[in-house]
Structure formats: structure tokens, C-alpha cells
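Data file: protein-v8.tsv. Format and content: TSV, C-alpha atoms.
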```tsv
chain	number	residue	atom	x	y	z
U	19	MET	CA	19.11	-21.71	-3.86
U	20	SER	CA	21.65	-24.16	-5.29
U	21	ALA	CA	21.59	-25.07	-8.95
U	22	ALA	CA	20.73	-28.66	-8.06
U	23	LEU	CA	17.54	-27.61	-6.28
U	24	ARG	CA	16.24	-25.23	-8.95
U	25	PRO	CA	14.68	-27.95	-11.18
U	26	VAL	CA	12.95	-29.40	-8.11
U	27	ARG	CA	11.50	-26.01	-7.22
U	28	ARG	CA	10.40	-25.50	-10.83
U	29	ILE	CA	8.63	-28.85	-10.83
U	30	ARG	CA	6.90	-27.94	-7.56
U	31	LEU	CA	5.71	-24.63	-9.03
U	32	VAL	CA	4.31	-26.38	-12.12
U	33	TRP	CA	2.60	-28.93	-9.91
U	34	ASP	CA	1.03	-26.11	-7.89
U	35	ASP	CA	-0.19	-24.57	-11.13
U	36	LEU	CA	-1.80	-27.82	-12.19
U	37	ARG	CA	-3.49	-28.22	-8.80
U	38	GLY	CA	-4.73	-24.62	-8.79
U	39	ARG	CA	-2.59	-23.55	-5.86
U	40	SER	CA	-0.54	-20.91	-7.64
U	41	GLY	CA	-3.38	-18.40	-7.35
U	42	ASP	CA	-3.38	-18.70	-3.57
U	43	ARG	CA	0.37	-18.18	-3.46
U	44	VAL	CA	0.19	-15.08	-5.64
U	45	VAL	CA	-2.66	-13.61	-3.59
U	46	GLY	CA	-0.77	-14.31	-0.38
U	47	GLN	CA	2.28	-12.50	-1.72
U	48	VAL	CA	0.27	-9.43	-2.72
U	49	ALA	CA	-1.32	-9.44	0.76
U	50	ARG	CA	2.14	-9.43	2.34
U	51	GLN	CA	3.05	-6.32	0.37
U	52	VAL	CA	-0.19	-4.63	1.47
U	53	ARG	CA	0.60	-5.52	5.08
U	54	ALA	CA	4.02	-3.89	4.77
U	55	ALA	CA	2.31	-0.68	3.61
U	56	ARG	CA	-0.08	-0.95	6.55
U	57	ASP	CA	2.88	-1.31	8.91
U	58	GLY	CA	4.18	1.96	7.48
U	59	ALA	CA	0.82	3.66	8.00
U	60	GLU	CA	0.62	2.43	11.60
U	61	LEU	CA	4.09	3.82	12.29
U	62	ALA	CA	3.24	7.18	10.69
U	63	ARG	CA	0.04	7.35	12.73
U	64	ALA	CA	1.92	6.57	15.96
U	65	MET	CA	4.38	9.36	15.16
U	66	ALA	CA	1.60	11.83	14.38
U	67	ALA	CA	-0.11	10.95	17.68
U	68	GLY	CA	3.13	11.63	19.56
U	69	ARG	CA	3.74	8.03	20.62
U	70	VAL	CA	6.94	7.63	18.57
U	71	PRO	CA	9.60	10.37	18.16
U	72	SER	CA	10.05	11.46	14.55
U	73	GLY	CA	13.70	10.43	14.45
U	74	ALA	CA	12.93	6.93	15.67
U	75	ALA	CA	9.99	6.69	13.26
U	76	ARG	CA	12.22	7.71	10.36
U	77	ALA	CA	14.75	5.00	11.19
U	78	ARG	CA	12.06	2.35	11.61
U	79	MET	CA	10.33	3.41	8.39
U	80	ALA	CA	13.50	2.67	6.45
U	81	ASP	CA	13.28	-0.95	7.59
U	82	ILE	CA	9.59	-1.16	6.71
U	83	GLU	CA	10.22	0.27	3.26
U	84	HIS	CA	12.96	-2.29	2.63
U	85	ALA	CA	10.55	-5.04	3.70
U	86	GLY	CA	7.91	-3.70	1.31
U	87	ASP	CA	10.42	-3.59	-1.54
U	88	ALA	CA	11.42	-7.17	-0.78
U	89	GLU	CA	7.79	-8.31	-0.90
U	90	ARG	CA	7.29	-6.56	-4.22
U	91	ALA	CA	10.43	-8.18	-5.64
U	92	ALA	CA	9.23	-11.56	-4.38
U	93	LEU	CA	5.93	-11.05	-6.20
U	94	ALA	CA	7.73	-10.19	-9.45
U	95	ALA	CA	9.87	-13.32	-9.13
U	96	MET	CA	6.82	-15.43	-8.37
U	97	LEU	CA	4.96	-14.13	-11.43
U	98	ARG	CA	7.88	-15.17	-13.61
U	99	GLY	CA	7.63	-18.71	-12.27
U	100	VAL	CA	3.92	-19.51	-12.44
U	101	LEU	CA	1.86	-20.46	-15.45
U	102	ALA	CA	-1.51	-19.18	-14.23
U	103	THR	CA	-2.47	-16.17	-12.10
U	104	PRO	CA	-5.83	-15.37	-10.46
U	105	ILE	CA	-6.03	-12.02	-12.29
U	106	ASP	CA	-4.12	-10.58	-15.24
U	107	ARG	CA	-0.40	-10.10	-14.66
U	108	GLU	CA	-0.65	-6.53	-15.93
U	109	ASP	CA	-3.21	-5.75	-13.23
U	110	LEU	CA	-1.12	-7.49	-10.57
U	111	TYR	CA	1.88	-5.34	-11.49
U	112	ARG	CA	-0.31	-2.23	-11.49
U	113	LEU	CA	-1.72	-3.12	-8.06
U	114	SER	CA	1.75	-3.87	-6.70
U	115	ARG	CA	3.14	-0.60	-8.05
U	116	SER	CA	0.35	1.43	-6.45
U	117	VAL	CA	0.84	-0.26	-3.07
U	118	ASP	CA	4.56	0.46	-3.37
U	119	ASP	CA	3.73	4.12	-4.07
U	120	VAL	CA	1.56	4.23	-0.93
U	121	LEU	CA	4.49	3.08	1.17
U	122	ASP	CA	6.96	5.39	-0.58
U	123	ASN	CA	4.78	8.42	0.16
U	124	LEU	CA	4.32	7.34	3.77
U	125	ARG	CA	8.11	7.12	4.01
U	126	ASP	CA	8.41	10.63	2.61
U	127	PHE	CA	5.80	11.91	5.07
U	128	VAL	CA	7.73	10.53	8.03
U	129	ARG	CA	11.06	11.78	6.69
U	130	GLU	CA	9.72	15.26	5.97
U	131	ALA	CA	8.04	15.46	9.38
U	132	ASP	CA	11.40	14.69	10.97
U	133	MET	CA	13.18	17.24	8.75
U	134	PHE	CA	10.62	20.03	9.10
U	135	GLY	CA	10.10	19.63	12.83
U	136	PRO	CA	6.58	21.08	13.15
U	137	PRO	CA	5.42	21.83	16.72
U	138	GLY	CA	2.80	19.10	16.49
U	139	LEU	CA	1.40	16.55	14.05
U	140	GLY	CA	-2.10	16.10	15.42
U	141	PHE	CA	-3.55	17.50	12.20
U	142	ALA	CA	-2.22	14.42	10.39
U	143	VAL	CA	-4.00	11.86	12.57
U	144	PRO	CA	-7.42	11.91	10.78
U	145	PRO	CA	-5.93	11.45	7.29
U	146	LEU	CA	-3.73	8.63	8.57
U	147	ASP	CA	-6.73	6.98	10.20
U	148	ALA	CA	-8.38	6.99	6.77
U	149	VAL	CA	-5.23	5.52	5.20
U	150	LEU	CA	-5.22	2.70	7.76
U	151	GLU	CA	-8.88	2.00	7.14
U	152	GLY	CA	-8.25	1.91	3.40
U	153	LEU	CA	-5.28	-0.45	3.63
U	154	THR	CA	-7.28	-2.76	5.88
U	155	ALA	CA	-10.08	-2.82	3.30
U	156	LEU	CA	-7.57	-3.41	0.51
U	157	ASP	CA	-6.01	-6.31	2.42
U	158	THR	CA	-9.48	-7.82	2.85
U	159	ALA	CA	-10.22	-7.37	-0.85
U	160	VAL	CA	-6.97	-9.02	-1.92
U	161	ARG	CA	-7.54	-12.02	0.33
U	162	LYS	CA	-10.97	-12.60	-1.24
U	163	VAL	CA	-9.65	-12.83	-4.83
U	164	THR	CA	-9.55	-16.63	-4.85
U	165	ALA	CA	-11.65	-17.42	-1.78
U	166	GLU	CA	-14.65	-15.16	-2.46
U	167	PRO	CA	-14.30	-13.36	-5.83
U	168	ALA	CA	-17.82	-11.91	-5.77
U	169	ALA	CA	-16.98	-9.92	-2.61
U	170	VAL	CA	-13.75	-8.36	-3.89
U	171	THR	CA	-15.30	-5.33	-5.59
U	172	VAL	CA	-17.25	-4.30	-2.49
U	173	ALA	CA	-14.14	-4.54	-0.30
U	174	ALA	CA	-12.08	-2.64	-2.90
U	175	LEU	CA	-14.74	0.07	-2.94
U	176	GLY	CA	-14.18	0.48	0.79
U	177	ALA	CA	-10.51	1.14	0.10
U	178	ARG	CA	-11.40	3.66	-2.62
U	179	LYS	CA	-13.81	5.49	-0.28
U	180	ALA	CA	-11.13	5.61	2.43
U	181	GLY	CA	-8.76	7.15	-0.10
U	182	ASN	CA	-11.37	9.84	-0.73
U	183	ARG	CA	-11.67	10.46	3.01
U	184	VAL	CA	-7.93	11.14	3.12
U	185	ARG	CA	-8.56	14.11	0.84
U	186	GLU	CA	-11.59	15.25	2.82
U	187	THR	CA	-9.75	15.16	6.14
U	188	ARG	CA	-6.79	16.92	4.53
U	189	GLN	CA	-9.09	19.72	3.38
U	190	ALA	CA	-10.56	20.05	6.88
U	191	ALA	CA	-7.08	20.18	8.40
U	192	LEU	CA	-5.99	22.85	5.91
U	193	THR	CA	-9.03	24.93	6.80
U	194	ARG	CA	-8.01	24.88	10.44
U	195	LEU	CA	-4.38	25.66	9.65
U	196	PHE	CA	-5.30	28.62	7.45
U	197	ALA	CA	-7.62	30.04	10.09
U	198	GLY	CA	-4.60	31.29	12.06
U	199	PRO	CA	-1.55	33.37	11.19
U	200	LEU	CA	0.16	32.31	7.97
U	201	ASP	CA	3.57	31.48	9.38
U	202	ILE	CA	6.25	28.92	8.57
U	203	ASP	CA	4.53	26.22	10.64
U	204	VAL	CA	1.43	26.55	8.48
U	205	LEU	CA	3.55	26.03	5.36
U	206	ARG	CA	5.17	22.98	6.91
U	207	GLY	CA	1.78	21.57	7.79
U	208	ARG	CA	0.51	22.15	4.27
U	209	GLU	CA	3.45	20.29	2.75
U	210	LEU	CA	2.91	17.33	5.05
U	211	LEU	CA	-0.80	17.25	4.32
U	212	ASP	CA	-0.06	17.33	0.60
U	213	ARG	CA	2.13	14.27	1.09
U	214	LEU	CA	-0.76	12.45	2.76
U	215	ASP	CA	-3.03	13.49	-0.09
U	216	ALA	CA	-0.62	11.66	-2.41
U	217	VAL	CA	-0.93	8.59	-0.18
U	218	GLY	CA	-4.71	8.73	-0.55
U	219	ARG	CA	-4.50	9.01	-4.33
U	220	ARG	CA	-2.18	6.04	-4.61
U	221	LEU	CA	-4.47	4.05	-2.33
U	222	GLY	CA	-7.38	4.82	-4.63
U	223	GLU	CA	-5.33	3.70	-7.62
U	224	ALA	CA	-4.57	0.40	-5.91
U	225	ALA	CA	-8.27	-0.15	-5.26
U	226	ASP	CA	-9.10	0.71	-8.87
U	227	ALA	CA	-6.46	-1.71	-10.16
U	228	LEU	CA	-8.00	-4.55	-8.19
U	229	SER	CA	-11.57	-3.65	-9.18
U	230	ASP	CA	-10.61	-3.43	-12.85
U	231	ALA	CA	-8.87	-6.80	-12.64
U	232	MET	CA	-11.95	-8.47	-11.17
U	233	LEU	CA	-14.15	-6.92	-13.84
U	234	LYS	CA	-11.94	-8.42	-16.54
U	235	ARG	CA	-12.03	-11.77	-14.78
U	236	SER	CA	-15.83	-11.81	-14.78
U	237	HIS	CA	-15.99	-11.58	-18.57
```

Would you kindly transcribe this structure into C-alpha cells?
Amino acid sequence: MSAALRPVRRIRLVWDDLRGRSGDRVVGQVARQVRAARDGAELARAMAAGRVPSGAARARMADIEHAGDAERAALAAMLRGVLATPIDREDLYRLSRSVDDVLDNLRDFVREADMFGPPGLGFAVPPLDAVLEGLTALDTAVRKVTAEPAAVTVAALGARKAGNRVRETRQAALTRLFAGPLDIDVLRGRELLDRLDAVGRRLGEAADALSDAMLKRSH
């Protein structure tokens, strides 16, 4: 943006603050970051189901990660330019960081799957289904922050429960893996499932950040 246009943009941002529109813009930006993470989960799920080769998924995931990083940077820039936010800035940063961690761990899952080359990734489909369900619930929760604040906590709880199901499905998958011979493929599968467990934990942290923020707002 040229130097001549910056004061105009600043005036527009202040005007949005005064009219109460800045909250909608901030919420929309957070939702875009959540959608980038969901794009990553959809790609990882397609790879695990055998619909996308691991090499192609790895290349595509790099683009999705860059998009997610750009959305997070855009949120940080936006928060520096607005006077009022719908929830505390500290909680917005915490939420954004957790969503970024979800996408980073999904990236690592796809990269490690391509590097390790296990004979199949079907064991990863149930945990990834739970991740997708959780990110969908988180997206719903974020979009309700300004439009329907009373419904945010319930939607965020759905994301937290989905994060717990990631761990449960991981445990079930490990049980099946360990029922057979303990060979190198079992070790590869365990490492990949551990990566998905990290995704579930970060998803739960994102849900907690949003729930905590809404609790503060209600007081």
C-alpha cells in the first residue's frame, strides 16, 4: 500500500471501530485461519484414504501451510490496527497460535508419512475424521463470537470433544498395530499416530482458548 493511502486506510479502520464492525473483521480473519487448518486436515485425510499420493500431498501441504501462515500474519497486523476486539487480544493470539500448531503438526504428519513410506495409512483415517469434525466445530464457534455469543461455548466444547476422540481413535489404532508382529512398519505407524495425537492436543487447546475468552467476556 502506498504511503498516500495509509492515512485513508487508518481512518477507515477507526471508523469501523466506531461503528462496531472491527469485531466482525477480526472474527472473519480468525475463521480464515481455521479454514486453512481444515484444508490441511482434508488433504491429510485424502492421503490416508489413498486418494492422494503422499508425495503430491506433501507438496500441496506446503502451499496450505504458507496460506495458514499468511492468515495468521494478517490477523496479527489487523490486531495492531484496531481499537476494539470482540475478545481479549491475548486470547486471540493464544487461539491463533494453537490453530497454527494444528496445521504445523498436520504438515509434519504428511511429511513423515511420505518419508517413512508405510504400506498403508488406513489406521490414520479415524483420527483424521475426528480432527476434521473438531475443526468444523471450531470454525462454527469462531463465527458465533459476534453473531451469537451465547452459543460459542457449546460449539467450542464440540471441538474439545473431537480433540479427545483423536486420542481415543489413536489408542484403538495402536491396539490393532500392536496385535501383530512388532516390526518396523509398526514403529512407523506409532510415530505417525503420535503426530496425530499432537494435532488433537493442539485442537483442544484452541477450543479452550476460545472458551476461556468467552468466559472473560461474560464477566

Restricting the calculation to all atoms listed in the file, which member of U:Met232, U:Leu200, U:Ala165, U:Val128 is positioned closest to Glu60 in chain U? U:Val128

Find the residue from U:Leu150, U:Val160, U:Ala169, U:Ala191 that sits nearest to Val204 in chain U; use all atoms listed in the file when measuring.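 Looking at the shortest contact to Val204 in chain U, the residue is U:Ala191.
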
Find the residue from U:Leu93, U:Leu195, U:Ala142, U:Met79 that sits nearest to Arg63 in chain U; use all atoms listed in the file when measuring. U:Ala142

Residues near Asp203 in chain U, anyone? I mean within 10 Å using all atoms listed in the file, not counting same-chain ones fewer than 6 positions away, as a PyMOL selection string. chain U and resi 134-138+195+209

Two-atom distance - CA of Thr164 in chain U, CA of Arg178 in chain U (Å):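 Computing it gives 20.5 Å between the two atoms.
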
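Using only C-alpha atoms for every distance, the candidate list U:Arg219, U:Arg206, U:Arg56, U:Arg161 yields U:Arg219 as the residue closest to Glu186 in chain U.
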
Closest of U:Asp201, U:Glu89, U:Glu223, U:Glu130 to Leu153 in chain U, counting all atoms listed in the file, is U:Glu223

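Taking all atoms listed in the file into account, Ala227 in chain U lies nearest to U:Ala177 out of the set U:Leu192, U:Ala177, U:Ala54, U:Val149.
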
Give me range 79-111 of chain U with N, CA and C atoms filled in, as an mmCIF file, keeping the file's coordinate frame.
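As a result, out32.cif now contains:
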```cif
data_model
loop_
_atom_site.group_PDB
_atom_site.id
_atom_site.type_symbol
_atom_site.label_atom_id
_atom_site.label_comp_id
_atom_site.auth_asym_id
_atom_site.auth_seq_id
_atom_site.Cartn_x
_atom_site.Cartn_y
_atom_site.Cartn_z
ATOM 1 N N MET U 79 10.981 3.407 9.696
ATOM 2 C CA MET U 79 10.330 3.410 8.390
ATOM 3 C C MET U 79 11.259 2.907 7.300
ATOM 4 N N ALA U 80 12.551 3.164 7.436
ATOM 5 C CA ALA U 80 13.500 2.670 6.450
ATOM 6 C C ALA U 80 13.462 1.141 6.395
ATOM 7 N N ASP U 81 13.362 0.509 7.556
ATOM 8 C CA ASP U 81 13.280 -0.950 7.590
ATOM 9 C C ASP U 81 11.977 -1.446 6.968
ATOM 10 N N ILE U 82 10.876 -0.751 7.267
ATOM 11 C CA ILE U 82 9.590 -1.160 6.710
ATOM 12 C C ILE U 82 9.582 -1.010 5.193
ATOM 13 N N GLU U 83 10.176 0.078 4.717
ATOM 14 C CA GLU U 83 10.220 0.270 3.260
ATOM 15 C C GLU U 83 11.031 -0.832 2.592
ATOM 16 N N HIS U 84 12.152 -1.198 3.194
ATOM 17 C CA HIS U 84 12.960 -2.290 2.630
ATOM 18 C C HIS U 84 12.157 -3.587 2.601
ATOM 19 N N ALA U 85 11.380 -3.832 3.663
ATOM 20 C CA ALA U 85 10.550 -5.040 3.700
ATOM 21 C C ALA U 85 9.501 -4.995 2.590
ATOM 22 N N GLY U 86 8.891 -3.834 2.383
ATOM 23 C CA GLY U 86 7.910 -3.700 1.310
ATOM 24 C C GLY U 86 8.526 -3.921 -0.059
ATOM 25 N N ASP U 87 9.728 -3.378 -0.259
ATOM 26 C CA ASP U 87 10.420 -3.590 -1.540
ATOM 27 C C ASP U 87 10.733 -5.060 -1.750
ATOM 28 N N ALA U 88 11.111 -5.748 -0.672
ATOM 29 C CA ALA U 88 11.420 -7.170 -0.780
ATOM 30 C C ALA U 88 10.173 -7.973 -1.145
ATOM 31 N N GLU U 89 9.029 -7.605 -0.570
ATOM 32 C CA GLU U 89 7.790 -8.310 -0.900
ATOM 33 C C GLU U 89 7.392 -8.067 -2.357
ATOM 34 N N ARG U 90 7.606 -6.845 -2.823
ATOM 35 C CA ARG U 90 7.290 -6.560 -4.220
ATOM 36 C C ARG U 90 8.204 -7.344 -5.158
ATOM 37 N N ALA U 91 9.495 -7.409 -4.819
ATOM 38 C CA ALA U 91 10.430 -8.180 -5.640
ATOM 39 C C ALA U 91 10.075 -9.663 -5.624
ATOM 40 N N ALA U 92 9.626 -10.154 -4.472
ATOM 41 C CA ALA U 92 9.230 -11.560 -4.380
ATOM 42 C C ALA U 92 8.020 -11.837 -5.260
ATOM 43 N N LEU U 93 7.094 -10.878 -5.332
ATOM 44 C CA LEU U 93 5.930 -11.050 -6.200
ATOM 45 C C LEU U 93 6.357 -11.098 -7.663
ATOM 46 N N ALA U 94 7.256 -10.197 -8.061
ATOM 47 C CA ALA U 94 7.730 -10.190 -9.450
ATOM 48 C C ALA U 94 8.389 -11.510 -9.800
ATOM 49 N N ALA U 95 9.206 -12.037 -8.883
ATOM 50 C CA ALA U 95 9.870 -13.320 -9.130
ATOM 51 C C ALA U 95 8.844 -14.447 -9.215
ATOM 52 N N MET U 96 7.847 -14.394 -8.364
ATOM 53 C CA MET U 96 6.820 -15.430 -8.370
ATOM 54 C C MET U 96 6.045 -15.419 -9.686
ATOM 55 N N LEU U 97 5.723 -14.227 -10.186
ATOM 56 C CA LEU U 97 4.960 -14.130 -11.430
ATOM 57 C C LEU U 97 5.747 -14.665 -12.621
ATOM 58 N N ARG U 98 7.062 -14.605 -12.528
ATOM 59 C CA ARG U 98 7.880 -15.170 -13.610
ATOM 60 C C ARG U 98 7.902 -16.693 -13.564
ATOM 61 N N GLY U 99 7.510 -17.265 -12.421
ATOM 62 C CA GLY U 99 7.630 -18.710 -12.270
ATOM 63 C C GLY U 99 6.337 -19.484 -12.322
ATOM 64 N N VAL U 100 5.195 -18.790 -12.405
ATOM 65 C CA VAL U 100 3.920 -19.510 -12.440
ATOM 66 C C VAL U 100 3.298 -19.417 -13.828
ATOM 67 N N LEU U 101 2.513 -20.422 -14.146
ATOM 68 C CA LEU U 101 1.860 -20.460 -15.450
ATOM 69 C C LEU U 101 0.530 -19.725 -15.442
ATOM 70 N N ALA U 102 -0.179 -19.778 -14.315
ATOM 71 C CA ALA U 102 -1.510 -19.180 -14.230
ATOM 72 C C ALA U 102 -1.566 -18.241 -13.027
ATOM 73 N N THR U 103 -2.289 -17.131 -13.186
ATOM 74 C CA THR U 103 -2.470 -16.170 -12.100
ATOM 75 C C THR U 103 -3.970 -15.912 -11.920
ATOM 76 N N PRO U 104 -4.398 -15.552 -10.710
ATOM 77 C CA PRO U 104 -5.830 -15.370 -10.460
ATOM 78 C C PRO U 104 -6.433 -14.177 -11.194
ATOM 79 N N ILE U 105 -5.623 -13.166 -11.468
ATOM 80 C CA ILE U 105 -6.030 -12.020 -12.290
ATOM 81 C C ILE U 105 -4.886 -11.716 -13.242
ATOM 82 N N ASP U 106 -5.137 -10.866 -14.230
ATOM 83 C CA ASP U 106 -4.120 -10.580 -15.240
ATOM 84 C C ASP U 106 -2.823 -10.092 -14.609
ATOM 85 N N ARG U 107 -1.701 -10.517 -15.174
ATOM 86 C CA ARG U 107 -0.400 -10.100 -14.660
ATOM 87 C C ARG U 107 -0.244 -8.577 -14.721
ATOM 88 N N GLU U 108 -0.741 -7.984 -15.797
ATOM 89 C CA GLU U 108 -0.650 -6.530 -15.930
ATOM 90 C C GLU U 108 -1.330 -5.832 -14.752
ATOM 91 N N ASP U 109 -2.490 -6.347 -14.349
ATOM 92 C CA ASP U 109 -3.210 -5.750 -13.230
ATOM 93 C C ASP U 109 -2.503 -6.024 -11.904
ATOM 94 N N LEU U 110 -1.882 -7.187 -11.787
ATOM 95 C CA LEU U 110 -1.120 -7.490 -10.570
ATOM 96 C C LEU U 110 0.060 -6.532 -10.433
ATOM 97 N N TYR U 111 0.755 -6.282 -11.527
ATOM 98 C CA TYR U 111 1.880 -5.340 -11.490
ATOM 99 C C TYR U 111 1.383 -3.925 -11.161
#
```
